[in-house]
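Below you'll find the structure, written out as structure tokens, and then a few comments.
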Amino acid sequence: MKLKLSVIIIAYNEERIIEKCLQKLYWADEIIVIDSGSIDATVAICKKYNAKVIFNKFVDYGTQKQFAVQQTSNYWVLSLDADEVLSDELIDEIKKKFESNDTEIAGYYLKCRHVFLGKAFLYGNESNRSILRLFNKNYGWFNSKSVHESIHVNGKTHKFKNAYLHYTTDSLHGYINKLNKYTQLYAENKFLKNKKYSLFEIIIKTKFEFIKKYFFEFNFLNGKEGFYWSYFSAFYTGVKCIKTNEQHLINKK
């Protein structure tokens, strides 16, 4: 008997990209979208693809995604972000695996292909990593991290060969907005742990991040977009450290 699949997506003002994501989910048995109050066309687009949209106030990413898991009606859950799109090759690979009804596997790793400013990266850490995204909810769950949440499973795992596309951003304006959001969450989390960064640490961390991304992770082979990504990755590192220190100043006031 073919295994049934629920896809979960958390969303907030994702009209830019979510339709591209949903178009590749025609084969799923259920699509659950947890929306945290979108004021653009996100909800309308989701309903167009027969997704079940549920409002839930956003607390943090881990909590929001675990809430989404709890709304599913099938044991197998595929977690996607609104800016992630399955390739046809990966869809075929998943479908064949589900038709085999392999009950020994508790979770599957999916390969991520990083897309930045319209270019799919062939090199770099972001395009050479596999992430646990498909799992049996009887054996898996999300941790409660405020950012960079992940799935944990008790049981055997398997890696798929084919990739999904992660459309990080199609404009620098959009990337800066996303960077501001993630660095703020990082800073608030580190502040609660009483973390501070010295000026020396910030300088070293920022410079090393660029060198690591551009040279050690071979982003120079991704053309000018690879340079931009390395530069902004270093900028991101510096901003999250400075924002962490700023939280201590705000608290004093």
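Labels used: A, B, ... for chains in the order of the structure tokens, numbers from 1 for residues in each chain, and numbers from 1 for ligands as shown.
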
**Request:** Would you kindly return, as a PyMOL selection string, each protein, DNA or RNA residue with an atom no farther than 9 Å from any atom of Ser233 in chain A, considering only C-alpha atoms and excluding same-chain residues fewer than 3 positions away?
**Result:** chain A and resi 206+209-210+213+228-230+236-238

**Backbone DSSP call of helix (DSSP H, G or I) for range 4-222 of chain A, listed as a VMD selection string** = chain A and resid 18 to 23 42 to 48 61 to 70 88 to 99 125 to 127 172 to 192 199 to 216 219 to 222

**Item:** Using only C-alpha atoms: which of A:Leu132, A:Val153, A:Ala82, A:Leu5 has the shortest distance to Gln23 in chain A
**Value:**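 Of the candidates, the smallest distance to Gln23 in chain A is held by A:Ala82.
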
**Asked** Hey, can you check how far CA of Leu86 in chain A sits from CA of Tyr167 in chain A?
**Response**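 For CA of Leu86 in chain A relative to CA of Tyr167 in chain A, the distance reads 11.1 Å.
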
**Request:** Would you list the contacts of range 181-191 of chain A as a PyMOL selection string, taking every protein, DNA or RNA residue within 6 Å and counting only C-alpha atoms, but skipping same-chain residues closer than 6 positions in sequence?
**Result:** chain A and resi 240+243-244

**Prompt:** Where in range 48-101 of chain A does DSSP assign strand (DSSP E), given as a list in words?
**Reply:**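 Matching residues for strand (DSSP E) in range 48-101 of chain A are Lys52, Val53, Ile54, Phe55, Trp76, Val77, Leu78, Ser79, Leu80, Asp81, Glu84, Val85 and Leu86 of chain A.
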
**Prompt:** Distance CA of Tyr123 in chain A-CA of Cys241 in chain A, one decimal place?
**Reply:** 26.8 Å
